[in-house]
>>> print(open('model.cif').read())   # mmCIF, N, CA and C atoms
data_run
#
loop_
_atom_site.label_atom_id
_atom_site.label_comp_id
_atom_site.auth_asym_id
_atom_site.auth_seq_id
_atom_site.Cartn_x
_atom_site.Cartn_y
_atom_site.Cartn_z
N MET A 24 134.72 -27.79 177.95
CA MET A 24 134.19 -26.74 178.80
C MET A 24 134.54 -27.05 180.26
N ILE A 25 135.00 -26.05 180.98
CA ILE A 25 135.39 -26.22 182.38
C ILE A 25 134.19 -26.42 183.28
N HIS A 26 133.09 -25.74 182.99
CA HIS A 26 131.92 -25.77 183.86
C HIS A 26 130.79 -26.60 183.26
N LYS A 27 130.08 -27.31 184.12
CA LYS A 27 128.91 -28.08 183.71
C LYS A 27 127.67 -27.26 184.02
N ARG A 28 126.80 -27.13 183.05
CA ARG A 28 125.55 -26.38 183.22
C ARG A 28 124.42 -27.35 183.55
N LEU A 29 123.67 -27.07 184.61
CA LEU A 29 122.54 -27.91 185.02
C LEU A 29 121.24 -27.35 184.47
N ARG A 30 120.56 -28.15 183.68
CA ARG A 30 119.26 -27.80 183.13
C ARG A 30 119.24 -26.41 182.46
N PRO A 31 120.02 -26.24 181.41
CA PRO A 31 120.01 -24.96 180.71
C PRO A 31 118.62 -24.66 180.14
N PHE A 32 118.30 -23.39 180.06
CA PHE A 32 117.00 -22.98 179.51
C PHE A 32 117.12 -21.57 178.97
N ASN A 33 116.11 -21.15 178.24
CA ASN A 33 116.03 -19.79 177.75
C ASN A 33 114.81 -19.14 178.38
N THR A 34 114.95 -17.90 178.78
CA THR A 34 113.85 -17.20 179.46
C THR A 34 112.62 -17.00 178.58
N LYS A 35 112.74 -17.20 177.26
CA LYS A 35 111.57 -17.11 176.38
C LYS A 35 110.52 -18.13 176.81
N GLN A 36 110.97 -19.34 177.21
CA GLN A 36 110.03 -20.37 177.63
C GLN A 36 109.56 -20.18 179.07
N THR A 37 110.42 -19.69 179.93
CA THR A 37 110.09 -19.55 181.34
C THR A 37 109.21 -18.34 181.62
N TYR A 38 109.48 -17.24 180.96
CA TYR A 38 108.72 -16.00 181.17
C TYR A 38 108.21 -15.45 179.84
N PRO A 39 107.34 -16.18 179.15
CA PRO A 39 106.91 -15.74 177.82
C PRO A 39 106.21 -14.37 177.83
N GLU A 40 105.58 -14.04 178.94
CA GLU A 40 104.86 -12.76 179.03
C GLU A 40 105.82 -11.57 179.15
N GLN A 41 107.11 -11.83 179.44
CA GLN A 41 108.05 -10.74 179.67
C GLN A 41 108.95 -10.45 178.47
N LYS A 42 108.79 -11.17 177.39
CA LYS A 42 109.56 -10.93 176.15
C LYS A 42 111.06 -10.87 176.40
N LEU A 43 111.57 -11.89 177.12
CA LEU A 43 112.99 -11.98 177.42
C LEU A 43 113.65 -13.02 176.52
N ASP A 44 114.96 -12.96 176.38
CA ASP A 44 115.70 -13.93 175.57
C ASP A 44 117.10 -14.09 176.16
N ASN A 45 117.14 -14.74 177.35
CA ASN A 45 118.41 -14.94 178.04
C ASN A 45 118.69 -16.44 178.20
N ASP A 46 119.91 -16.86 177.88
CA ASP A 46 120.33 -18.24 178.09
C ASP A 46 120.88 -18.37 179.51
N LEU A 47 120.19 -19.15 180.34
CA LEU A 47 120.56 -19.35 181.74
C LEU A 47 120.59 -20.83 182.05
N SER A 48 120.93 -21.17 183.28
CA SER A 48 120.83 -22.55 183.73
C SER A 48 120.40 -22.55 185.19
N GLN A 49 119.88 -23.69 185.64
CA GLN A 49 119.44 -23.80 187.03
C GLN A 49 120.64 -23.84 187.97
N GLY A 50 121.78 -24.26 187.48
CA GLY A 50 122.98 -24.31 188.30
C GLY A 50 124.21 -24.49 187.45
N VAL A 51 125.36 -24.25 188.08
CA VAL A 51 126.65 -24.43 187.41
C VAL A 51 127.57 -25.18 188.37
N VAL A 52 128.21 -26.22 187.84
CA VAL A 52 129.26 -26.92 188.58
C VAL A 52 130.57 -26.35 188.05
N ALA A 53 131.30 -25.67 188.93
CA ALA A 53 132.53 -24.99 188.52
C ALA A 53 133.74 -25.86 188.84
N ARG A 54 134.49 -26.19 187.79
CA ARG A 54 135.71 -26.99 187.91
C ARG A 54 135.51 -28.28 188.70
N GLY A 55 134.28 -28.78 188.70
CA GLY A 55 134.00 -30.07 189.33
C GLY A 55 133.96 -30.07 190.84
N THR A 56 134.07 -28.90 191.48
CA THR A 56 134.09 -28.89 192.95
C THR A 56 133.04 -27.99 193.58
N MET A 57 132.61 -26.96 192.90
CA MET A 57 131.64 -26.01 193.45
C MET A 57 130.34 -26.06 192.66
N VAL A 58 129.23 -25.95 193.38
CA VAL A 58 127.91 -25.92 192.75
C VAL A 58 127.25 -24.60 193.13
N PHE A 59 126.87 -23.84 192.11
CA PHE A 59 126.17 -22.58 192.31
C PHE A 59 124.77 -22.76 191.74
N LEU A 60 123.75 -22.70 192.59
CA LEU A 60 122.38 -22.86 192.12
C LEU A 60 121.72 -21.50 191.97
N ARG A 61 121.01 -21.37 190.88
CA ARG A 61 120.18 -20.21 190.63
C ARG A 61 119.15 -20.13 191.75
N GLY A 62 118.66 -18.95 192.05
CA GLY A 62 117.58 -18.83 193.03
C GLY A 62 116.43 -19.74 192.64
N GLN A 63 116.06 -20.64 193.54
CA GLN A 63 114.99 -21.59 193.25
C GLN A 63 113.68 -21.12 193.87
N VAL A 64 112.60 -21.43 193.21
CA VAL A 64 111.26 -21.05 193.65
C VAL A 64 110.35 -22.28 193.59
N ALA A 65 109.11 -22.08 193.96
CA ALA A 65 108.13 -23.17 193.95
C ALA A 65 107.61 -23.37 192.53
N GLN A 66 108.46 -23.94 191.69
CA GLN A 66 108.12 -24.17 190.29
C GLN A 66 108.62 -25.55 189.90
N ASP A 67 107.78 -26.31 189.23
CA ASP A 67 108.20 -27.60 188.71
C ASP A 67 109.24 -27.35 187.62
N LEU A 68 110.42 -27.91 187.78
CA LEU A 68 111.50 -27.63 186.83
C LEU A 68 111.30 -28.29 185.47
N ASP A 69 110.39 -29.24 185.39
CA ASP A 69 110.14 -29.89 184.10
C ASP A 69 109.05 -29.19 183.29
N ASN A 70 107.97 -28.77 183.94
CA ASN A 70 106.88 -28.16 183.18
C ASN A 70 106.66 -26.67 183.46
N ARG A 71 107.48 -26.11 184.35
CA ARG A 71 107.45 -24.67 184.68
C ARG A 71 106.19 -24.21 185.41
N GLU A 72 105.40 -25.15 185.92
CA GLU A 72 104.19 -24.80 186.65
C GLU A 72 104.54 -24.37 188.07
N SER A 73 103.97 -23.25 188.52
CA SER A 73 104.16 -22.80 189.89
C SER A 73 103.26 -23.59 190.83
N THR A 74 103.72 -23.78 192.07
CA THR A 74 102.93 -24.51 193.07
C THR A 74 102.88 -23.72 194.37
N GLY A 75 101.94 -24.08 195.22
CA GLY A 75 101.86 -23.51 196.57
C GLY A 75 101.42 -22.06 196.63
N ALA A 76 100.60 -21.62 195.71
CA ALA A 76 100.16 -20.22 195.70
C ALA A 76 99.57 -19.83 197.05
N GLY A 77 100.08 -18.74 197.60
CA GLY A 77 99.55 -18.21 198.87
C GLY A 77 100.04 -18.92 200.11
N ASP A 78 100.91 -19.91 199.99
CA ASP A 78 101.37 -20.69 201.13
C ASP A 78 102.90 -20.70 201.16
N ALA A 79 103.49 -19.87 201.99
CA ALA A 79 104.95 -19.73 202.05
C ALA A 79 105.63 -21.04 202.44
N GLY A 80 105.04 -21.80 203.35
CA GLY A 80 105.62 -23.08 203.75
C GLY A 80 105.61 -24.08 202.62
N ALA A 81 104.50 -24.17 201.90
CA ALA A 81 104.41 -25.10 200.76
C ALA A 81 105.37 -24.68 199.64
N GLN A 82 105.49 -23.38 199.41
CA GLN A 82 106.42 -22.90 198.39
C GLN A 82 107.86 -23.26 198.79
N THR A 83 108.17 -23.13 200.07
CA THR A 83 109.52 -23.47 200.53
C THR A 83 109.79 -24.95 200.38
N ALA A 84 108.80 -25.79 200.68
CA ALA A 84 108.98 -27.24 200.52
C ALA A 84 109.32 -27.59 199.07
N LYS A 85 108.62 -27.01 198.12
CA LYS A 85 108.91 -27.27 196.70
C LYS A 85 110.26 -26.70 196.32
N THR A 86 110.57 -25.53 196.82
CA THR A 86 111.86 -24.89 196.54
C THR A 86 113.01 -25.77 197.04
N MET A 87 112.90 -26.27 198.26
CA MET A 87 113.94 -27.12 198.82
C MET A 87 114.03 -28.45 198.08
N GLU A 88 112.89 -28.97 197.65
CA GLU A 88 112.88 -30.19 196.84
C GLU A 88 113.67 -29.97 195.55
N ASN A 89 113.46 -28.81 194.91
CA ASN A 89 114.22 -28.47 193.70
C ASN A 89 115.71 -28.38 193.99
N ILE A 90 116.07 -27.74 195.09
CA ILE A 90 117.47 -27.60 195.46
C ILE A 90 118.09 -28.97 195.67
N ASP A 91 117.40 -29.83 196.40
CA ASP A 91 117.89 -31.19 196.66
C ASP A 91 118.11 -31.94 195.34
N MET A 92 117.15 -31.86 194.44
CA MET A 92 117.24 -32.55 193.15
C MET A 92 118.42 -32.02 192.33
N LEU A 93 118.58 -30.71 192.26
CA LEU A 93 119.66 -30.13 191.48
C LEU A 93 121.03 -30.45 192.07
N LEU A 94 121.14 -30.42 193.39
CA LEU A 94 122.42 -30.78 194.02
C LEU A 94 122.78 -32.22 193.69
N ARG A 95 121.81 -33.12 193.73
CA ARG A 95 122.08 -34.52 193.40
C ARG A 95 122.48 -34.67 191.94
N GLU A 96 121.82 -33.94 191.06
CA GLU A 96 122.20 -33.97 189.64
C GLU A 96 123.63 -33.49 189.45
N ALA A 97 124.09 -32.60 190.32
CA ALA A 97 125.44 -32.05 190.22
C ALA A 97 126.48 -32.95 190.88
N GLY A 98 126.03 -33.96 191.64
CA GLY A 98 126.97 -34.83 192.34
C GLY A 98 127.21 -34.40 193.78
N SER A 99 126.32 -33.58 194.31
CA SER A 99 126.43 -33.11 195.68
C SER A 99 125.16 -33.50 196.44
N GLU A 100 124.97 -32.90 197.59
CA GLU A 100 123.75 -33.14 198.38
C GLU A 100 123.62 -32.03 199.42
N MET A 101 122.49 -32.02 200.10
CA MET A 101 122.20 -30.98 201.09
C MET A 101 123.30 -30.86 202.15
N ALA A 102 123.90 -31.97 202.53
CA ALA A 102 124.94 -31.95 203.57
C ALA A 102 126.15 -31.11 203.17
N HIS A 103 126.27 -30.80 201.87
CA HIS A 103 127.43 -30.06 201.39
C HIS A 103 127.10 -28.61 201.03
N VAL A 104 125.94 -28.13 201.48
CA VAL A 104 125.57 -26.73 201.27
C VAL A 104 126.45 -25.86 202.17
N CYS A 105 127.07 -24.84 201.57
CA CYS A 105 127.95 -23.92 202.32
C CYS A 105 127.28 -22.58 202.59
N ARG A 106 126.46 -22.15 201.64
CA ARG A 106 125.86 -20.82 201.74
C ARG A 106 124.45 -20.87 201.20
N ILE A 107 123.57 -20.14 201.87
CA ILE A 107 122.18 -20.07 201.43
C ILE A 107 121.71 -18.62 201.57
N VAL A 108 121.02 -18.14 200.54
CA VAL A 108 120.45 -16.80 200.57
C VAL A 108 118.94 -16.94 200.36
N VAL A 109 118.16 -16.37 201.28
CA VAL A 109 116.71 -16.49 201.25
C VAL A 109 116.11 -15.12 200.96
N TYR A 110 115.29 -15.06 199.93
CA TYR A 110 114.58 -13.83 199.56
C TYR A 110 113.10 -14.01 199.90
N LEU A 111 112.55 -13.11 200.69
CA LEU A 111 111.14 -13.14 201.07
C LEU A 111 110.46 -11.87 200.58
N THR A 112 109.21 -11.99 200.17
CA THR A 112 108.47 -10.79 199.77
C THR A 112 107.75 -10.14 200.94
N ASP A 113 107.73 -10.83 202.09
CA ASP A 113 107.07 -10.29 203.28
C ASP A 113 107.74 -10.92 204.51
N ILE A 114 108.17 -10.11 205.45
CA ILE A 114 108.85 -10.62 206.64
C ILE A 114 107.95 -11.57 207.43
N ARG A 115 106.65 -11.47 207.29
CA ARG A 115 105.73 -12.35 208.01
C ARG A 115 105.82 -13.80 207.53
N TYR A 116 106.45 -14.05 206.38
CA TYR A 116 106.64 -15.41 205.88
C TYR A 116 107.85 -16.09 206.51
N ARG A 117 108.68 -15.33 207.21
CA ARG A 117 109.96 -15.82 207.70
C ARG A 117 109.83 -17.11 208.52
N GLU A 118 108.93 -17.14 209.47
CA GLU A 118 108.82 -18.31 210.34
C GLU A 118 108.47 -19.57 209.55
N ALA A 119 107.46 -19.49 208.69
CA ALA A 119 107.05 -20.66 207.90
C ALA A 119 108.18 -21.12 206.97
N VAL A 120 108.86 -20.17 206.36
CA VAL A 120 109.93 -20.49 205.42
C VAL A 120 111.10 -21.14 206.15
N TYR A 121 111.54 -20.54 207.25
CA TYR A 121 112.70 -21.06 207.95
C TYR A 121 112.41 -22.38 208.66
N GLN A 122 111.17 -22.59 209.10
CA GLN A 122 110.82 -23.89 209.68
C GLN A 122 110.95 -24.99 208.64
N GLU A 123 110.42 -24.76 207.46
CA GLU A 123 110.50 -25.76 206.39
C GLU A 123 111.94 -25.94 205.92
N MET A 124 112.64 -24.86 205.72
CA MET A 124 114.03 -24.91 205.28
C MET A 124 114.88 -25.68 206.29
N GLY A 125 114.61 -25.47 207.57
CA GLY A 125 115.36 -26.14 208.63
C GLY A 125 115.24 -27.65 208.59
N LYS A 126 114.10 -28.16 208.14
CA LYS A 126 113.93 -29.61 208.02
C LYS A 126 114.93 -30.20 207.03
N TRP A 127 115.24 -29.46 205.99
CA TRP A 127 116.14 -29.94 204.93
C TRP A 127 117.61 -29.73 205.28
N LEU A 128 117.89 -28.82 206.21
CA LEU A 128 119.28 -28.46 206.50
C LEU A 128 119.69 -28.82 207.93
N LYS A 129 118.94 -29.70 208.58
CA LYS A 129 119.25 -30.09 209.96
C LYS A 129 120.68 -30.62 210.04
N GLY A 130 121.48 -30.04 210.91
CA GLY A 130 122.85 -30.47 211.12
C GLY A 130 123.85 -29.97 210.10
N VAL A 131 123.42 -29.21 209.09
CA VAL A 131 124.31 -28.75 208.03
C VAL A 131 125.05 -27.46 208.43
N HIS A 132 124.38 -26.54 209.04
CA HIS A 132 124.95 -25.27 209.51
C HIS A 132 125.58 -24.42 208.40
N PRO A 133 124.88 -24.16 207.29
CA PRO A 133 125.46 -23.27 206.27
C PRO A 133 125.43 -21.83 206.77
N CYS A 134 126.26 -20.97 206.17
CA CYS A 134 126.09 -19.55 206.46
C CYS A 134 124.86 -19.10 205.67
N SER A 135 124.11 -18.19 206.26
CA SER A 135 122.81 -17.84 205.69
C SER A 135 122.59 -16.34 205.72
N THR A 136 121.94 -15.86 204.68
CA THR A 136 121.53 -14.46 204.62
C THR A 136 120.06 -14.43 204.24
N GLY A 137 119.28 -13.61 204.93
CA GLY A 137 117.87 -13.44 204.62
C GLY A 137 117.62 -12.00 204.19
N ILE A 138 116.87 -11.85 203.12
CA ILE A 138 116.61 -10.53 202.56
C ILE A 138 115.12 -10.41 202.26
N VAL A 139 114.54 -9.28 202.62
CA VAL A 139 113.15 -9.00 202.24
C VAL A 139 113.18 -8.09 201.02
N VAL A 140 112.48 -8.52 199.98
CA VAL A 140 112.44 -7.79 198.72
C VAL A 140 111.01 -7.38 198.38
N GLN A 141 110.88 -6.43 197.51
CA GLN A 141 109.55 -5.96 197.13
C GLN A 141 108.77 -7.01 196.34
N ALA A 142 109.46 -7.72 195.45
CA ALA A 142 108.79 -8.71 194.61
C ALA A 142 109.82 -9.66 194.02
N LEU A 143 109.33 -10.81 193.54
CA LEU A 143 110.16 -11.77 192.82
C LEU A 143 109.71 -11.75 191.36
N ALA A 144 110.27 -12.61 190.53
CA ALA A 144 110.02 -12.56 189.08
C ALA A 144 108.56 -12.82 188.69
N ARG A 145 107.84 -13.55 189.51
CA ARG A 145 106.41 -13.79 189.26
C ARG A 145 105.64 -13.40 190.50
N PRO A 146 104.45 -12.83 190.35
CA PRO A 146 103.71 -12.33 191.51
C PRO A 146 103.28 -13.42 192.50
N GLU A 147 103.13 -14.66 192.05
CA GLU A 147 102.70 -15.74 192.95
C GLU A 147 103.84 -16.27 193.83
N TRP A 148 105.08 -15.94 193.51
CA TRP A 148 106.21 -16.44 194.30
C TRP A 148 106.46 -15.52 195.48
N VAL A 149 106.59 -16.10 196.67
CA VAL A 149 106.83 -15.32 197.88
C VAL A 149 108.18 -15.63 198.51
N VAL A 150 108.85 -16.69 198.04
CA VAL A 150 110.16 -17.06 198.57
C VAL A 150 111.04 -17.56 197.41
N GLU A 151 112.31 -17.18 197.47
CA GLU A 151 113.30 -17.67 196.51
C GLU A 151 114.56 -17.97 197.31
N ILE A 152 115.19 -19.11 197.01
CA ILE A 152 116.36 -19.53 197.77
C ILE A 152 117.51 -19.86 196.82
N GLU A 153 118.65 -19.25 197.09
CA GLU A 153 119.87 -19.44 196.30
C GLU A 153 120.87 -20.22 197.16
N VAL A 154 121.57 -21.18 196.55
CA VAL A 154 122.48 -22.06 197.30
C VAL A 154 123.84 -22.17 196.60
N THR A 155 124.88 -22.23 197.43
CA THR A 155 126.22 -22.59 196.97
C THR A 155 126.65 -23.82 197.78
N ALA A 156 127.13 -24.84 197.08
CA ALA A 156 127.53 -26.07 197.74
C ALA A 156 128.85 -26.57 197.14
N VAL A 157 129.42 -27.59 197.75
CA VAL A 157 130.61 -28.22 197.21
C VAL A 157 130.29 -29.66 196.82
N ILE A 158 131.12 -30.21 195.98
CA ILE A 158 131.05 -31.62 195.63
C ILE A 158 132.17 -32.30 196.41
N PRO A 159 131.83 -33.27 197.25
CA PRO A 159 132.87 -33.89 198.08
C PRO A 159 133.88 -34.67 197.24
N ASP A 160 135.08 -34.83 197.78
CA ASP A 160 136.12 -35.62 197.11
C ASP A 160 135.72 -37.06 196.99
#
>>> encode(input="model.cif", output="structure tokens")
Amino acid sequence: MIHKRLRPFNTKQTYPEQKLDNDLSQGVVARGTMVFLRGQVAQDLDNRESTGAGDAGAQTAKTMENIDMLLREAGSEMAHVCRIVVYLTDIRYREAVYQEMGKWLKGVHPCSTGIVVQALARPEWVVEIEVTAVIPD
């Protein structure tokens, strides 16, 4: 297989209340050089428990922790993030989210897009962050 799948899962386990059956993964390493991470949220990747309910900053801290962990599993790190997309359910969360995110990306300077959406996959989630990174030579 050309691509490495990071933490594959089926949506039956992640969203049992939604009656879904999709095979997905937390990330994909493409041809050993690019890392594409699924939108990450404040959820423990091992037990699927959500954290930081009602606190956009705390949710962002857990989200960034997940991103850092997945990048390391892929053979990359935060310093190699090229693109980041931030989804917020309320523009008022922007300051708390970007302050926390900035701690993890100091000196990295990725290109970034911020989008306000009506809702995320679970009602308790207020921020979701998607990342594209490279694996250094």
>>> residues_around(input="model.cif", residues="Ile25 of chain A", least_positions_apart="4", cutoff="12 Å", atoms="only C-alpha atoms", output="list in words")
Val51, Val52, Ala53, Arg54, Gly55, Thr56 and Met57 of chain A
>>> resolve_selection(input="model.cif", expression="the PyMOL selection byres ((chain A and resi 112) around 6)", output="PDB file with N, CA and C atoms, in the coordinates of the input")
ATOM      1  N   TYR A 110     115.290 -15.060 199.930  1.00  0.00           N
ATOM      2  CA  TYR A 110     114.580 -13.830 199.560  1.00  0.00           C
ATOM      3  C   TYR A 110     113.100 -14.010 199.900  1.00  0.00           C
ATOM      4  N   LEU A 111     112.550 -13.110 200.690  1.00  0.00           N
ATOM      5  CA  LEU A 111     111.140 -13.140 201.070  1.00  0.00           C
ATOM      6  C   LEU A 111     110.460 -11.870 200.580  1.00  0.00           C
ATOM      7  N   ASP A 113     107.730 -10.830 202.090  1.00  0.00           N
ATOM      8  CA  ASP A 113     107.070 -10.290 203.280  1.00  0.00           C
ATOM      9  C   ASP A 113     107.740 -10.920 204.510  1.00  0.00           C
ATOM     10  N   ILE A 114     108.170 -10.110 205.450  1.00  0.00           N
ATOM     11  CA  ILE A 114     108.850 -10.620 206.640  1.00  0.00           C
ATOM     12  C   ILE A 114     107.950 -11.570 207.430  1.00  0.00           C
ATOM     13  N   VAL A 139     114.540  -9.280 202.620  1.00  0.00           N
ATOM     14  CA  VAL A 139     113.150  -9.000 202.240  1.00  0.00           C
ATOM     15  C   VAL A 139     113.180  -8.090 201.020  1.00  0.00           C
ATOM     16  N   VAL A 140     112.480  -8.520 199.980  1.00  0.00           N
ATOM     17  CA  VAL A 140     112.440  -7.790 198.720  1.00  0.00           C
ATOM     18  C   VAL A 140     111.010  -7.380 198.380  1.00  0.00           C
ATOM     19  N   GLN A 141     110.880  -6.430 197.510  1.00  0.00           N
ATOM     20  CA  GLN A 141     109.550  -5.960 197.130  1.00  0.00           C
ATOM     21  C   GLN A 141     108.770  -7.010 196.340  1.00  0.00           C
ATOM     22  N   ALA A 142     109.460  -7.720 195.450  1.00  0.00           N
ATOM     23  CA  ALA A 142     108.790  -8.710 194.610  1.00  0.00           C
ATOM     24  C   ALA A 142     109.820  -9.660 194.020  1.00  0.00           C
ATOM     25  N   VAL A 149     106.590 -16.100 196.670  1.00  0.00           N
ATOM     26  CA  VAL A 149     106.830 -15.320 197.880  1.00  0.00           C
ATOM     27  C   VAL A 149     108.180 -15.630 198.510  1.00  0.00           C
ATOM     28  N   VAL A 150     108.850 -16.690 198.040  1.00  0.00           N
ATOM     29  CA  VAL A 150     110.160 -17.060 198.570  1.00  0.00           C
ATOM     30  C   VAL A 150     111.040 -17.560 197.410  1.00  0.00           C
TER      31      VAL A 150
END
>>> resolve_selection(input="model.cif", expression="the PyMOL selection byres ((chain A and resi 69-76) around 8)", output="PyMOL selection string")
chain A and resi 36-37+64-68+77-83+85+147-149
>>> write_last_selection(input="model.cif", atoms="N, CA and C atoms", output="mmCIF file, in the frame of the given file")
data_model
loop_
_atom_site.group_PDB
_atom_site.id
_atom_site.type_symbol
_atom_site.label_atom_id
_atom_site.label_comp_id
_atom_site.auth_asym_id
_atom_site.auth_seq_id
_atom_site.Cartn_x
_atom_site.Cartn_y
_atom_site.Cartn_z
ATOM 1 N N GLN A 36 110.970 -19.340 177.210
ATOM 2 C CA GLN A 36 110.030 -20.370 177.630
ATOM 3 C C GLN A 36 109.560 -20.180 179.070
ATOM 4 N N THR A 37 110.420 -19.690 179.930
ATOM 5 C CA THR A 37 110.090 -19.550 181.340
ATOM 6 C C THR A 37 109.210 -18.340 181.620
ATOM 7 N N VAL A 64 112.600 -21.430 193.210
ATOM 8 C CA VAL A 64 111.260 -21.050 193.650
ATOM 9 C C VAL A 64 110.350 -22.280 193.590
ATOM 10 N N ALA A 65 109.110 -22.080 193.960
ATOM 11 C CA ALA A 65 108.130 -23.170 193.950
ATOM 12 C C ALA A 65 107.610 -23.370 192.530
ATOM 13 N N GLN A 66 108.460 -23.940 191.690
ATOM 14 C CA GLN A 66 108.120 -24.170 190.290
ATOM 15 C C GLN A 66 108.620 -25.550 189.900
ATOM 16 N N ASP A 67 107.780 -26.310 189.230
ATOM 17 C CA ASP A 67 108.200 -27.600 188.710
ATOM 18 C C ASP A 67 109.240 -27.350 187.620
ATOM 19 N N LEU A 68 110.420 -27.910 187.780
ATOM 20 C CA LEU A 68 111.500 -27.630 186.830
ATOM 21 C C LEU A 68 111.300 -28.290 185.470
ATOM 22 N N GLY A 77 100.080 -18.740 197.600
ATOM 23 C CA GLY A 77 99.550 -18.210 198.870
ATOM 24 C C GLY A 77 100.040 -18.920 200.110
ATOM 25 N N ASP A 78 100.910 -19.910 199.990
ATOM 26 C CA ASP A 78 101.370 -20.690 201.130
ATOM 27 C C ASP A 78 102.900 -20.700 201.160
ATOM 28 N N ALA A 79 103.490 -19.870 201.990
ATOM 29 C CA ALA A 79 104.950 -19.730 202.050
ATOM 30 C C ALA A 79 105.630 -21.040 202.440
ATOM 31 N N GLY A 80 105.040 -21.800 203.350
ATOM 32 C CA GLY A 80 105.620 -23.080 203.750
ATOM 33 C C GLY A 80 105.610 -24.080 202.620
ATOM 34 N N ALA A 81 104.500 -24.170 201.900
ATOM 35 C CA ALA A 81 104.410 -25.100 200.760
ATOM 36 C C ALA A 81 105.370 -24.680 199.640
ATOM 37 N N GLN A 82 105.490 -23.380 199.410
ATOM 38 C CA GLN A 82 106.420 -22.900 198.390
ATOM 39 C C GLN A 82 107.860 -23.260 198.790
ATOM 40 N N THR A 83 108.170 -23.130 200.070
ATOM 41 C CA THR A 83 109.520 -23.470 200.530
ATOM 42 C C THR A 83 109.790 -24.950 200.380
ATOM 43 N N LYS A 85 108.620 -27.010 198.120
ATOM 44 C CA LYS A 85 108.910 -27.270 196.700
ATOM 45 C C LYS A 85 110.260 -26.700 196.320
ATOM 46 N N GLU A 147 103.130 -14.660 192.050
ATOM 47 C CA GLU A 147 102.700 -15.740 192.950
ATOM 48 C C GLU A 147 103.840 -16.270 193.830
ATOM 49 N N TRP A 148 105.080 -15.940 193.510
ATOM 50 C CA TRP A 148 106.210 -16.440 194.300
ATOM 51 C C TRP A 148 106.460 -15.520 195.480
ATOM 52 N N VAL A 149 106.590 -16.100 196.670
ATOM 53 C CA VAL A 149 106.830 -15.320 197.880
ATOM 54 C C VAL A 149 108.180 -15.630 198.510
#
>>> select_by_dssp(input="model.cif", residues="chain A", states="helix (DSSP H, G or I)", output="ChimeraX atom specification")
/A:34-37,39-41,79-97,101-103,114-127
>>> select_by_dssp(input="model.cif", residues="chain A", states="strand (DSSP E)", output="PyMOL selection string")
chain A and resi 27-33+46-53+57-63+104-111+134-139+150-157
>>> closest_residue(input="model.cif", among="A:Leu128, A:Ala84, A:Ile90, A:Ile152", to="Val108 of chain A", atoms="only C-alpha atoms")
A:Ile152
>>> closest_residue(input="model.cif", among="A:Met87, A:Gly62, A:Val154, A:Gln41", to="Glu123 of chain A", atoms="only N, CA and C atoms")
A:Met87
>>> closest_residue(input="model.cif", among="A:Pro39, A:Gly50, A:Gly137, A:Pro159", to="Gly98 of chain A", atoms="only N, CA and C atoms")
A:Pro159
>>> resolve_selection(input="model.cif", expression="the PyMOL selection byres (((chain A and resi 32 and name CA) around 9) and name CA)", output="mmCIF file with N, CA and C atoms, in the frame of the given file")
data_model
loop_
_atom_site.group_PDB
_atom_site.id
_atom_site.type_symbol
_atom_site.label_atom_id
_atom_site.label_comp_id
_atom_site.auth_asym_id
_atom_site.auth_seq_id
_atom_site.Cartn_x
_atom_site.Cartn_y
_atom_site.Cartn_z
ATOM 1 N N ARG A 30 120.560 -28.150 183.680
ATOM 2 C CA ARG A 30 119.260 -27.800 183.130
ATOM 3 C C ARG A 30 119.240 -26.410 182.460
ATOM 4 N N PRO A 31 120.020 -26.240 181.410
ATOM 5 C CA PRO A 31 120.010 -24.960 180.710
ATOM 6 C C PRO A 31 118.620 -24.660 180.140
ATOM 7 N N ASN A 33 116.110 -21.150 178.240
ATOM 8 C CA ASN A 33 116.030 -19.790 177.750
ATOM 9 C C ASN A 33 114.810 -19.140 178.380
ATOM 10 N N THR A 34 114.950 -17.900 178.780
ATOM 11 C CA THR A 34 113.850 -17.200 179.460
ATOM 12 C C THR A 34 112.620 -17.000 178.580
ATOM 13 N N LYS A 35 112.740 -17.200 177.260
ATOM 14 C CA LYS A 35 111.570 -17.110 176.380
ATOM 15 C C LYS A 35 110.520 -18.130 176.810
ATOM 16 N N GLN A 36 110.970 -19.340 177.210
ATOM 17 C CA GLN A 36 110.030 -20.370 177.630
ATOM 18 C C GLN A 36 109.560 -20.180 179.070
ATOM 19 N N THR A 37 110.420 -19.690 179.930
ATOM 20 C CA THR A 37 110.090 -19.550 181.340
ATOM 21 C C THR A 37 109.210 -18.340 181.620
ATOM 22 N N ASN A 45 117.140 -14.740 177.350
ATOM 23 C CA ASN A 45 118.410 -14.940 178.040
ATOM 24 C C ASN A 45 118.690 -16.440 178.200
ATOM 25 N N ASP A 46 119.910 -16.860 177.880
ATOM 26 C CA ASP A 46 120.330 -18.240 178.090
ATOM 27 C C ASP A 46 120.880 -18.370 179.510
ATOM 28 N N LEU A 47 120.190 -19.150 180.340
ATOM 29 C CA LEU A 47 120.560 -19.350 181.740
ATOM 30 C C LEU A 47 120.590 -20.830 182.050
ATOM 31 N N SER A 48 120.930 -21.170 183.280
ATOM 32 C CA SER A 48 120.830 -22.550 183.730
ATOM 33 C C SER A 48 120.400 -22.550 185.190
ATOM 34 N N GLN A 49 119.880 -23.690 185.640
ATOM 35 C CA GLN A 49 119.440 -23.800 187.030
ATOM 36 C C GLN A 49 120.640 -23.840 187.970
#
>>> closest_residue(input="model.cif", among="A:Leu43, A:Leu93, A:Leu60, A:Val104", to="Gly130 of chain A", atoms="only C-alpha atoms")
A:Val104
>>> residues_around(input="model.cif", residues="Leu94 of chain A", least_positions_apart="5", cutoff="8 Å", atoms="all atoms listed in the file", output="list in words")
Val58, Leu60, Glu88, Asn89, Ser99, Glu100, Met101 and Ala156 of chain A
>>> closest_residue(input="model.cif", among="A:Ala97, A:Ala102, A:Val131, A:Ala144", to="Leu29 of chain A", atoms="only C-alpha atoms")
A:Ala97
>>> closest_residue(input="model.cif", among="A:Ile138, A:Ile158, A:Leu143, A:Met92", to="Val109 of chain A", atoms="only N, CA and C atoms")
A:Ile138
